[in-house]
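Colleague: So I've got this file, query.txt, and it contains compact mmCIF, C-alpha atoms and all ligand atoms:
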```
# COMPACT_ATOMS: atom_id res chain seq x y z
CA MET A 1 6.37 -3.16 -23.93
CA LYS A 2 7.65 -5.66 -21.41
CA VAL A 3 7.25 -4.73 -17.77
CA LEU A 4 8.84 -6.28 -14.70
CA VAL A 5 6.86 -5.95 -11.46
CA VAL A 6 8.76 -6.43 -8.20
CA GLY A 7 6.79 -8.03 -5.34
CA ASN A 8 4.45 -10.92 -4.57
CA GLY A 9 1.29 -9.46 -3.02
CA GLY A 10 -2.22 -8.66 -4.14
CA ARG A 11 -0.98 -5.21 -5.07
CA GLU A 12 1.50 -6.66 -7.55
CA HIS A 13 -1.09 -9.03 -9.03
CA ALA A 14 -3.37 -6.01 -9.52
CA LEU A 15 -0.56 -3.98 -11.14
CA ALA A 16 0.27 -6.83 -13.53
CA TRP A 17 -3.43 -7.39 -14.33
CA LYS A 18 -4.01 -3.71 -15.04
CA LEU A 19 -0.90 -3.37 -17.18
CA LEU A 20 -1.93 -6.39 -19.27
CA GLN A 21 -5.25 -4.75 -20.13
CA SER A 22 -3.36 -2.36 -22.38
CA GLU A 23 -2.55 -3.39 -25.94
CA GLN A 24 0.82 -1.76 -25.45
CA ILE A 25 1.85 -4.43 -22.96
CA GLU A 26 3.12 -7.66 -24.40
CA GLN A 27 4.37 -9.34 -21.27
CA VAL A 28 4.69 -8.87 -17.50
CA VAL A 29 7.28 -10.63 -15.37
CA CYS A 30 6.68 -10.71 -11.61
CA VAL A 31 9.58 -11.09 -9.19
CA PRO A 32 8.86 -13.35 -7.40
CA GLY A 33 5.08 -13.16 -8.02
CA ASN A 34 2.48 -15.54 -6.58
CA GLY A 35 0.00 -18.21 -7.66
CA GLY A 36 -2.17 -15.59 -9.36
CA THR A 37 0.57 -14.05 -11.46
CA ALA A 38 1.89 -17.55 -12.29
CA THR A 39 -1.43 -18.49 -13.87
CA MET A 40 -2.36 -15.21 -15.62
CA GLU A 41 -2.01 -15.07 -19.39
CA SER A 42 1.07 -13.20 -20.71
CA CYS A 43 2.47 -13.11 -17.19
CA GLN A 44 5.29 -15.16 -15.71
CA ASN A 45 7.07 -15.40 -12.38
CA LEU A 46 10.80 -15.11 -11.87
CA PRO A 47 11.88 -16.73 -8.60
CA LEU A 48 14.32 -14.10 -7.33
CA ALA A 49 14.26 -12.22 -4.02
CA VAL A 50 12.98 -8.64 -4.20
CA ASP A 51 16.35 -7.40 -2.95
CA ASP A 52 18.42 -9.40 -5.44
CA PHE A 53 19.13 -6.22 -7.38
CA GLU A 54 21.88 -7.72 -9.52
CA GLY A 55 19.77 -10.73 -10.49
CA ILE A 56 16.79 -8.52 -11.35
CA GLY A 57 18.98 -6.09 -13.31
CA GLU A 58 20.68 -8.84 -15.28
CA PHE A 59 17.36 -10.45 -16.21
CA ALA A 60 15.81 -7.11 -17.17
CA LEU A 61 18.69 -6.16 -19.44
CA LYS A 62 18.86 -9.57 -21.12
CA ASN A 63 15.12 -9.67 -21.71
CA ASP A 64 14.61 -6.12 -22.97
CA ILE A 65 12.42 -5.01 -20.07
CA ASN A 66 11.16 -1.48 -20.82
CA LEU A 67 9.94 -0.60 -17.36
CA VAL A 68 10.42 -1.90 -13.82
CA VAL A 69 7.60 -1.19 -11.34
CA VAL A 70 8.52 -1.68 -7.69
CA GLY A 71 5.69 -2.70 -5.34
CA PRO A 72 7.05 -3.05 -1.79
CA GLU A 73 8.86 -0.54 0.41
CA VAL A 74 11.76 -2.77 1.45
CA PRO A 75 13.58 -2.87 -1.92
CA LEU A 76 12.85 0.85 -2.43
CA ALA A 77 14.39 1.69 0.95
CA LYS A 78 17.40 -0.46 0.06
CA GLY A 79 17.94 1.48 -3.16
CA ILE A 80 16.63 -0.81 -5.92
CA THR A 81 15.75 2.20 -8.06
CA ASP A 82 19.22 3.76 -7.78
CA TYR A 83 20.85 0.45 -8.70
CA LEU A 84 18.63 -0.43 -11.67
CA GLN A 85 18.78 3.12 -13.03
CA SER A 86 22.56 2.95 -12.90
CA GLN A 87 22.22 -0.10 -15.19
CA GLY A 88 20.24 1.99 -17.68
CA LEU A 89 16.75 0.70 -16.79
CA GLN A 90 13.57 2.77 -16.43
CA VAL A 91 12.22 2.31 -12.91
CA PHE A 92 8.97 3.47 -11.33
CA GLY A 93 9.52 4.16 -7.62
CA PRO A 94 11.67 6.62 -5.67
CA GLY A 95 15.35 6.13 -4.95
CA ARG A 96 16.71 5.35 -1.54
CA ALA A 97 16.81 9.03 -0.50
CA GLY A 98 13.12 9.56 -1.28
CA ALA A 99 12.05 6.24 0.25
CA GLN A 100 13.12 7.58 3.65
CA ILE A 101 9.72 9.26 3.74
CA GLU A 102 8.39 5.81 4.65
CA ALA A 103 11.54 4.13 5.99
CA SER A 104 12.10 6.65 8.78
CA LYS A 105 9.16 8.11 10.65
CA ALA A 106 11.45 10.65 12.33
CA TRP A 107 12.74 11.78 8.92
CA ALA A 108 9.19 12.03 7.57
CA LYS A 109 8.08 14.01 10.62
CA ALA A 110 10.93 16.48 10.19
CA LEU A 111 10.03 16.88 6.52
CA MET A 112 6.38 17.54 7.38
CA GLN A 113 7.37 20.10 10.00
CA GLU A 114 9.69 21.87 7.57
CA ALA A 115 7.04 21.82 4.81
CA GLY A 116 4.26 23.00 7.11
CA ILE A 117 2.17 19.89 6.42
CA PRO A 118 -0.52 19.34 9.06
CA THR A 119 0.41 16.34 11.23
CA ALA A 120 0.19 15.09 14.81
CA LYS A 121 2.46 16.81 17.34
CA ALA A 122 5.44 14.53 17.93
CA ALA A 123 8.78 14.11 19.68
CA VAL A 124 11.66 11.82 18.77
CA PHE A 125 13.78 9.93 21.34
CA THR A 126 16.92 7.83 21.19
CA VAL A 127 16.81 6.52 24.76
CA ALA A 128 13.99 4.79 26.62
CA ALA A 129 14.16 6.82 29.84
CA ALA A 130 13.53 10.15 28.13
CA ALA A 131 10.74 8.66 26.02
CA LYS A 132 9.08 7.23 29.11
CA SER A 133 9.16 10.45 31.06
CA TYR A 134 7.73 12.30 28.06
CA VAL A 135 4.85 9.81 27.93
CA GLN A 136 4.35 10.19 31.67
CA ALA A 137 4.09 13.96 31.25
CA GLN A 138 1.78 13.81 28.22
CA GLY A 139 -0.58 11.11 29.51
CA ALA A 140 -2.67 8.66 27.50
CA PRO A 141 -3.98 7.95 24.92
CA ILE A 142 -0.70 8.39 23.08
CA VAL A 143 0.93 6.79 20.05
CA VAL A 144 4.35 5.08 20.12
CA LYS A 145 6.09 4.35 16.80
CA ALA A 146 9.30 2.51 15.98
CA ASP A 147 11.21 4.72 13.55
CA GLY A 148 11.96 2.29 10.72
CA LEU A 149 10.21 -0.30 8.58
CA ALA A 150 8.36 -2.81 10.73
CA ALA A 151 5.88 -4.35 8.27
CA GLY A 152 3.03 -2.31 9.72
CA LYS A 153 3.63 -3.62 13.24
CA GLY A 154 5.74 -0.77 14.67
CA VAL A 155 2.85 1.43 15.85
CA THR A 156 1.07 1.16 19.21
CA VAL A 157 -1.95 3.33 19.87
CA ALA A 158 -1.61 3.15 23.67
CA GLN A 159 -4.73 3.67 25.75
CA THR A 160 -2.76 3.84 29.00
CA VAL A 161 0.64 5.22 30.04
CA ALA A 162 1.67 1.69 31.08
CA GLN A 163 0.92 0.34 27.62
CA ALA A 164 2.95 3.14 26.05
CA GLN A 165 5.88 2.42 28.41
CA GLU A 166 5.75 -1.26 27.42
CA ALA A 167 5.80 -0.36 23.73
CA ILE A 168 8.81 1.94 24.28
CA GLU A 169 10.60 -0.84 26.18
CA ALA A 170 9.91 -3.37 23.39
CA ILE A 171 11.23 -1.01 20.72
CA PHE A 172 14.46 -0.23 22.55
CA GLN A 173 14.97 -3.91 23.38
CA GLY A 174 15.23 -4.52 19.67
CA GLN A 175 11.85 -6.01 18.80
CA PHE A 176 12.06 -4.29 15.43
CA GLY A 177 15.80 -4.58 14.91
CA SER A 178 17.42 -1.43 13.58
CA ALA A 179 13.92 -0.02 13.00
CA GLY A 180 13.91 0.63 16.75
CA GLU A 181 16.91 2.89 17.20
CA PHE A 182 14.60 5.86 17.45
CA VAL A 183 11.10 6.13 18.79
CA VAL A 184 8.56 8.69 17.68
CA ILE A 185 5.88 9.59 20.22
CA GLU A 186 2.81 11.25 18.88
CA GLU A 187 -0.38 12.88 19.98
CA CYS A 188 -3.28 10.46 19.44
CA LEU A 189 -5.60 11.67 16.71
CA ILE A 190 -9.20 10.66 16.36
CA GLY A 191 -11.36 10.50 13.30
CA GLU A 192 -11.62 8.54 10.10
CA GLU A 193 -8.62 7.41 8.07
CA VAL A 194 -8.33 7.74 4.32
CA SER A 195 -5.51 6.85 1.93
CA VAL A 196 -4.61 9.23 -0.86
CA LEU A 197 -2.13 7.71 -3.29
CA ALA A 198 -0.66 10.22 -5.72
CA LEU A 199 1.53 9.81 -8.79
CA THR A 200 4.48 12.14 -9.12
CA ASP A 201 7.37 12.78 -11.46
CA GLY A 202 9.14 14.94 -8.90
CA LEU A 203 7.61 18.18 -10.21
CA THR A 204 3.90 17.52 -10.77
CA ILE A 205 1.76 15.45 -8.42
CA ARG A 206 -1.65 14.00 -9.24
CA PRO A 207 -3.84 12.10 -6.79
CA LEU A 208 -5.56 8.84 -7.63
CA LEU A 209 -9.05 8.11 -6.28
CA PRO A 210 -9.11 8.16 -2.47
CA ALA A 211 -9.53 4.77 -0.79
CA GLN A 212 -10.31 3.45 2.66
CA ASP A 213 -8.62 0.44 4.18
CA HIS A 214 -9.76 -1.77 7.09
CA LYS A 215 -6.65 -2.27 9.20
CA ARG A 216 -7.96 -4.33 12.09
CA ILE A 217 -8.43 -8.08 11.99
CA GLY A 218 -11.86 -8.05 13.63
CA GLU A 219 -15.29 -6.85 12.63
CA GLY A 220 -16.21 -3.38 13.84
CA ASP A 221 -12.50 -2.43 13.57
CA THR A 222 -11.46 -4.44 16.62
CA GLY A 223 -8.44 -6.57 17.47
CA GLU A 224 -4.92 -6.41 16.12
CA ASN A 225 -3.63 -4.31 13.24
CA THR A 226 -3.02 -6.14 9.97
CA GLY A 227 -1.70 -5.21 6.55
CA GLY A 228 -5.34 -4.45 5.61
CA MET A 229 -8.44 -6.68 5.51
CA GLY A 230 -10.44 -4.91 2.84
CA ALA A 231 -10.83 -1.60 1.05
CA TYR A 232 -13.06 0.46 -1.19
CA ALA A 233 -12.81 3.42 -3.53
CA PRO A 234 -13.68 6.19 -4.14
CA ALA A 235 -13.96 6.97 -0.41
CA PRO A 236 -16.90 9.37 0.06
CA ILE A 237 -15.25 11.06 3.05
CA ALA A 238 -12.68 12.54 0.67
CA THR A 239 -14.97 15.09 -0.93
CA PRO A 240 -13.69 17.22 -3.84
CA GLU A 241 -13.12 20.04 -1.32
CA LEU A 242 -11.04 17.78 0.91
CA MET A 243 -9.06 16.47 -2.08
CA ALA A 244 -8.29 20.06 -3.11
CA ARG A 245 -6.90 20.70 0.37
CA VAL A 246 -4.87 17.47 0.26
CA GLN A 247 -3.38 18.66 -3.02
CA THR A 248 -2.24 22.06 -1.76
CA GLU A 249 -1.69 21.44 1.96
CA VAL A 250 -0.05 18.02 1.70
CA LEU A 251 1.01 16.71 -1.71
CA GLU A 252 2.44 19.85 -3.32
CA LYS A 253 4.20 20.85 -0.11
CA ALA A 254 5.76 17.41 0.23
CA ILE A 255 7.07 17.38 -3.33
CA ALA A 256 8.41 20.92 -3.09
CA THR A 257 10.24 20.13 0.15
CA LEU A 258 11.68 16.88 -1.22
CA LYS A 259 12.89 18.85 -4.23
CA SER A 260 14.43 21.54 -2.03
CA ARG A 261 16.41 18.76 -0.33
CA GLY A 262 17.76 17.68 -3.71
CA ILE A 263 15.55 14.58 -3.87
CA ASP A 264 14.12 13.74 -7.28
CA TYR A 265 11.08 11.73 -6.17
CA ARG A 266 9.31 9.82 -8.94
CA GLY A 267 6.72 7.21 -8.08
CA VAL A 268 3.80 6.99 -5.68
CA LEU A 269 3.54 9.28 -2.70
CA TYR A 270 0.90 7.75 -0.44
CA ALA A 271 -0.51 9.99 2.28
CA GLY A 272 -2.28 8.22 5.15
CA LEU A 273 -4.65 10.87 6.49
CA MET A 274 -6.80 11.28 9.56
CA ILE A 275 -9.94 13.37 9.08
CA SER A 276 -11.28 14.63 12.42
CA PRO A 277 -15.00 14.82 13.16
CA HIS A 278 -14.69 18.57 12.45
CA GLY A 279 -13.09 17.96 9.07
CA ASP A 280 -9.53 18.81 10.12
CA LEU A 281 -6.95 17.01 8.06
CA LYS A 282 -3.67 15.59 9.37
CA VAL A 283 -1.06 13.27 7.90
CA LEU A 284 -0.50 10.07 9.92
CA GLU A 285 2.22 8.74 7.66
CA PHE A 286 3.65 8.80 4.17
CA ASN A 287 4.43 5.67 2.17
CA CYS A 288 6.73 5.57 -0.84
CA ARG A 289 4.71 3.01 -2.83
CA PHE A 290 1.26 1.83 -3.84
CA GLY A 291 -0.95 0.80 -0.90
CA ASP A 292 -2.07 -2.76 -0.40
CA PRO A 293 -5.07 -3.40 -0.57
CA GLU A 294 -5.93 0.16 -1.75
CA THR A 295 -4.34 -0.45 -5.17
CA GLN A 296 -6.64 -3.40 -5.73
CA VAL A 297 -9.70 -1.09 -5.60
CA ILE A 298 -8.17 1.94 -7.33
CA LEU A 299 -6.84 0.24 -10.46
CA PRO A 300 -10.12 -1.41 -11.56
CA LEU A 301 -11.62 2.11 -11.76
CA LEU A 302 -8.72 3.64 -13.70
CA ALA A 303 -9.56 4.38 -17.34
CA THR A 304 -6.24 5.94 -18.42
CA PRO A 305 -3.78 3.18 -19.41
CA LEU A 306 -1.59 2.59 -16.38
CA GLU A 307 1.67 2.36 -18.30
CA GLU A 308 1.13 5.84 -19.75
CA LEU A 309 0.96 7.27 -16.26
CA LEU A 310 3.90 5.28 -14.92
CA LEU A 311 6.13 6.18 -17.88
CA ALA A 312 5.17 9.86 -17.62
CA CYS A 313 6.34 9.80 -13.99
CA VAL A 314 9.61 8.07 -14.84
CA GLN A 315 10.28 10.42 -17.78
CA GLN A 316 9.17 13.53 -15.89
CA ARG A 317 6.39 14.61 -18.22
CA LEU A 318 3.33 14.12 -16.03
CA SER A 319 2.24 17.74 -16.60
CA GLU A 320 1.87 17.02 -20.33
CA LEU A 321 -0.74 14.31 -19.78
CA PRO A 322 -4.49 15.06 -19.83
CA PRO A 323 -6.25 14.63 -16.46
CA ILE A 324 -6.36 11.05 -15.24
CA SER A 325 -9.63 9.51 -16.35
CA TRP A 326 -11.79 7.23 -14.19
CA LYS A 327 -14.65 4.83 -14.71
CA THR A 328 -17.88 5.62 -12.89
CA GLY A 329 -19.07 3.46 -10.03
CA ALA A 330 -17.31 1.90 -7.08
CA ALA A 331 -14.90 -0.89 -6.22
CA ALA A 332 -14.50 -2.98 -3.09
CA THR A 333 -12.17 -5.76 -2.04
CA VAL A 334 -12.51 -8.33 0.72
CA VAL A 335 -9.35 -10.05 1.96
CA ALA A 336 -9.47 -13.79 2.64
CA ALA A 337 -6.80 -14.56 5.25
CA SER A 338 -5.23 -17.63 6.81
CA GLY A 339 -6.73 -18.58 10.18
CA GLY A 340 -4.54 -17.13 12.95
CA TYR A 341 -3.27 -14.15 10.94
CA PRO A 342 -1.88 -11.61 11.95
CA GLY A 343 -0.47 -14.09 14.50
CA ALA A 344 0.89 -17.52 13.61
CA TYR A 345 -0.78 -19.50 10.80
CA THR A 346 0.04 -22.50 8.65
CA LYS A 347 0.67 -22.45 4.91
CA GLY A 348 0.14 -24.95 2.12
CA LYS A 349 -3.67 -25.32 2.35
CA VAL A 350 -5.26 -26.14 -1.00
CA ILE A 351 -7.61 -23.40 -2.16
CA ASN A 352 -10.85 -24.55 -3.80
CA PHE A 353 -12.61 -22.27 -6.23
CA THR A 354 -16.15 -23.52 -6.95
CA ASP A 355 -18.43 -22.37 -9.77
CA GLN A 356 -19.94 -19.84 -7.39
CA ALA A 357 -16.58 -18.06 -7.42
CA ILE A 358 -17.14 -16.81 -10.97
CA ASP A 359 -18.72 -13.41 -11.61
CA ALA A 360 -17.94 -10.98 -14.42
CA ALA A 361 -17.88 -8.09 -11.94
CA VAL A 362 -15.28 -9.79 -9.75
CA THR A 363 -11.52 -10.23 -10.07
CA ILE A 364 -9.67 -12.41 -7.61
CA PHE A 365 -6.22 -10.97 -6.92
CA HIS A 366 -3.88 -13.39 -5.23
CA ALA A 367 -1.64 -12.34 -2.35
CA GLY A 368 -0.14 -15.18 -0.27
CA THR A 369 -0.62 -18.04 -2.72
CA LYS A 370 1.60 -20.25 -4.83
CA LEU A 371 1.35 -23.11 -7.28
CA ASN A 372 2.50 -26.35 -5.71
CA GLN A 373 4.18 -29.24 -7.53
CA GLN A 374 0.79 -30.71 -8.43
CA GLN A 375 -0.14 -27.36 -10.03
CA GLN A 376 -2.69 -26.66 -7.28
CA ILE A 377 -3.09 -23.17 -5.84
CA VAL A 378 -2.17 -23.33 -2.15
CA THR A 379 -1.95 -20.75 0.63
CA ASP A 380 1.48 -19.23 1.18
CA GLY A 381 0.94 -16.22 3.44
CA GLY A 382 -1.29 -14.42 5.94
CA ARG A 383 -3.38 -12.45 3.50
CA VAL A 384 -4.26 -14.98 0.81
CA LEU A 385 -6.77 -13.57 -1.70
CA ASN A 386 -8.36 -10.21 -2.48
CA ILE A 387 -11.88 -10.70 -3.80
CA THR A 388 -12.32 -7.48 -5.75
CA ALA A 389 -15.55 -6.29 -7.33
CA THR A 390 -16.82 -3.26 -9.17
CA GLY A 391 -20.40 -2.07 -9.40
CA GLU A 392 -22.54 0.96 -10.09
CA ASN A 393 -22.36 1.72 -6.39
CA PHE A 394 -20.85 0.35 -3.17
CA THR A 395 -23.86 -1.81 -2.34
CA GLN A 396 -23.50 -3.66 -5.64
CA ALA A 397 -19.72 -3.98 -5.52
CA ILE A 398 -19.72 -5.28 -1.96
CA ALA A 399 -22.55 -7.74 -2.68
CA HIS A 400 -20.64 -9.14 -5.68
CA ALA A 401 -17.48 -9.62 -3.63
CA TYR A 402 -19.29 -11.41 -0.80
CA SER A 403 -21.22 -13.63 -3.18
CA VAL A 404 -17.98 -14.79 -4.81
CA ILE A 405 -16.13 -15.31 -1.55
CA LYS A 406 -18.77 -17.88 -0.56
CA GLY A 407 -17.57 -19.96 -3.49
CA ILE A 408 -13.99 -20.08 -2.23
CA ASN A 409 -12.67 -22.18 0.59
CA PHE A 410 -9.51 -23.38 2.23
CA GLU A 411 -8.92 -24.78 5.70
CA GLY A 412 -8.99 -21.99 8.27
CA MET A 413 -10.11 -19.28 5.83
CA TYR A 414 -11.13 -16.06 7.59
CA TYR A 415 -12.55 -12.81 6.27
CA ARG A 416 -14.32 -9.81 7.73
CA ARG A 417 -18.04 -9.71 6.92
CA ASP A 418 -18.33 -5.96 7.45
CA ILE A 419 -16.16 -4.42 4.74
CA GLY A 420 -17.71 -1.06 3.94
CA HIS A 421 -19.40 -0.59 7.33
CA ARG A 422 -18.38 3.09 7.41
CA LEU A 423 -20.34 3.67 4.22
CA ALA A 424 -23.68 3.21 5.98
CA GLY A 425 -25.83 6.21 5.18
CA LYS A 426 -23.31 7.71 2.74
P1 LIG B 1 1.36 4.46 10.54
O1 LIG B 1 2.18 3.29 10.11
O2 LIG B 1 2.15 5.58 11.09
O3 LIG B 1 0.30 4.89 9.57
O4 LIG B 1 0.45 3.89 11.69
C1 LIG B 1 -0.37 2.75 11.50
C2 LIG B 1 -1.75 3.00 12.04
O5 LIG B 1 -1.67 3.44 13.40
C3 LIG B 1 -2.49 4.11 11.34
O6 LIG B 1 -3.11 3.66 10.17
C4 LIG B 1 -3.46 4.54 12.40
O7 LIG B 1 -4.56 3.64 12.48
C5 LIG B 1 -2.66 4.42 13.66
N1 LIG B 1 -2.01 5.70 14.01
C6 LIG B 1 -0.80 6.13 13.60
N2 LIG B 1 -0.53 7.36 14.08
C7 LIG B 1 -1.60 7.72 14.81
C8 LIG B 1 -1.94 8.89 15.57
N3 LIG B 1 -1.10 9.91 15.72
N4 LIG B 1 -3.14 8.91 16.19
C9 LIG B 1 -3.99 7.86 16.09
N5 LIG B 1 -3.74 6.74 15.40
C10 LIG B 1 -2.56 6.65 14.76
N1 LIG B 2 -2.93 -0.57 3.33
C1 LIG B 2 -1.91 0.06 4.06
C2 LIG B 2 -0.62 0.13 3.38
O1 LIG B 2 -0.45 -0.22 2.23
O2 LIG B 2 0.32 0.59 4.01
```
What does the file become when written as structure tokens?
Modeller:
Amino acid sequence: MKVLVVGNGGREHALAWKLLQSEQIEQVVCVPGNGGTATMESCQNLPLAVDDFEGIGEFALKNDINLVVVGPEVPLAKGITDYLQSQGLQVFGPGRAGAQIEASKAWAKALMQEAGIPTAKAAVFTVAAAAKSYVQAQGAPIVVKADGLAAGKGVTVAQTVAQAQEAIEAIFQGQFGSAGEFVVIEECLIGEEVSVLALTDGLTIRPLLPAQDHKRIGEGDTGENTGGMGAYAPAPIATPELMARVQTEVLEKAIATLKSRGIDYRGVLYAGLMISPHGDLKVLEFNCRFGDPETQVILPLLATPLEELLLACVQQRLSELPPISWKTGAAATVVAASGGYPGAYTKGKVINFTDQAIDAAVTIFHAGTKLNQQQQIVTDGGRVLNITATGENFTQAIAHAYSVIKGINFEGMYYRRDIGHRLAGK
């Protein structure tokens, strides 16, 4: 099989890496890929934009691509799946209609309410004045969300009414472009977050191992939100009992309601959950794709060949497959970022990998990297590398990742030293 992976992050490097572990996979093409996928055996990059649907389709047809796997939400929301399917290609990832579950928070909220999925109480506004008076009446803390895709930056967890008003103002002044035509205002939930990514063929839905992300830039979960600074799996907070509830109270309800709306959703349904101190479960958001960096810690533990699962989703025969099988142990990833991220940072710093950066238990997934003209790996984004390790337990996996990261350096490199801090005592 030849597979084309759309995207250029650590998630896509991990998808390509996992696919290539199967004897069934001859070649992976990443569009546009990064420095890691450029230098991996049997993998090549194709320098097209992720929303160049015609270019991607033409290449895939000419090169006998058997399966297209779409990483990021933007091409999904723009309808890459609908287009490539119309060209006769097999595509993993929902069509434009299904991708609304991530691309519009108001749409997702309405779906959750209709399905009876537990979620934060919310109201949707189209004008600032009404939103502001609602916030005034509700009081703080309160959560303000731009409706559309905002690269993870559209949510403000406001500790004061004034902060919430400012966030509303910014959204309606167009800070997020058309993502800000609606604002969703939500009750602020407290607890611990966990990501449950599930594979679905539109009829059957099967969860992958639960993972926990570290969204904030600073140690102790402080500072600004980022795309994610580290992750681990399987997250102990998601006990088998909790996962059973996620299955019936969230995943099955979501798929049934999508189906009742005439949406044939095949791909990943990612539920971002908040677990309260009392064990209550609520959905914070749905995503229509694999999580990043969650995928980087889930895939190393997957024992079932990935392409079997992806094809079963695309061909709507997931129920025929045996249960997904997993390796024992744990996985953790630490993100090395460019200094300044998630604010401004500079690119093009040469990355040095010393001998200390080699460990059989560790895989380095590249995110914002590229090969320069001198064939050096240089930084090319905010999140640069995902140092990913497996071990018999979390202590081992985390120790491996941190030992390897000490062997890597580039100017301004930053990483959190406390990945896994919530695991203490678990
Ligand atoms: P979202 O993109 O909706 O998941 O929001 C991004 C992040 O904002 C989440 O991962 C949470 O950390 C936080 N967040 C979102 N909604 C809420 C909420 N209702 N209460 C508390 N925190 C929230
Ligand atoms: N790690 C969060 C996300 O993929 O949205």
Colleague: List all protein, DNA and RNA residues that have any atom at most 8 Å from ligand LIG 2 (chain B), counting all atoms listed in the file, and write the list as JSON, numbers by chain.
Modeller: {"A": [152, 195, 213, 214, 215, 227, 228, 287, 289, 290, 291, 292, 293, 294]}
Colleague: Rank nothing, just name the residue among A:Gly148, A:Gly33, A:Gly420, A:Pro322 nearest to Leu15 of chain A, using all atoms listed in the file.
Modeller: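 Of all the options, A:Gly33 lies closest to Leu15 of chain A.
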Colleague: Measuring between only C-alpha atoms, which one of A:Pro236, A:Gly381, A:Gly93, A:Pro118 shows the shortest distance to Gly329 of chain A?
Modeller: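 For Gly329 of chain A, the nearest of the given residues is A:Pro236.
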Colleague: Rounded to one decimal, what separation in Å do you get between atom CA of Val184 of chain A and atom CA of Ala123 of chain A?
Modeller: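 Those two atoms sit 5.8 Å apart.
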Colleague: Mind listing the residues within 6 Å of ligand LIG 1 (chain B), only C-alpha atoms and all ligand atoms counted, as a tab-separated table (two decimals) with C-alpha atoms, keeping the file's coordinate frame?
Modeller:
```tsv
chain	number	residue	atom	x	y	z
A	120	ALA	CA	0.19	15.09	14.81
A	143	VAL	CA	0.93	6.79	20.05
A	152	GLY	CA	3.03	-2.31	9.72
A	155	VAL	CA	2.85	1.43	15.85
A	157	VAL	CA	-1.95	3.33	19.87
A	186	GLU	CA	2.81	11.25	18.88
A	187	GLU	CA	-0.38	12.88	19.98
A	188	CYS	CA	-3.28	10.46	19.44
A	189	LEU	CA	-5.60	11.67	16.71
A	190	ILE	CA	-9.20	10.66	16.36
A	284	LEU	CA	-0.50	10.07	9.92
A	285	GLU	CA	2.22	8.74	7.66
```
Colleague: Atom CA of Ala244 of chain A and atom CA of Leu208 of chain A are how many Å apart?
Modeller: 12.4 Å
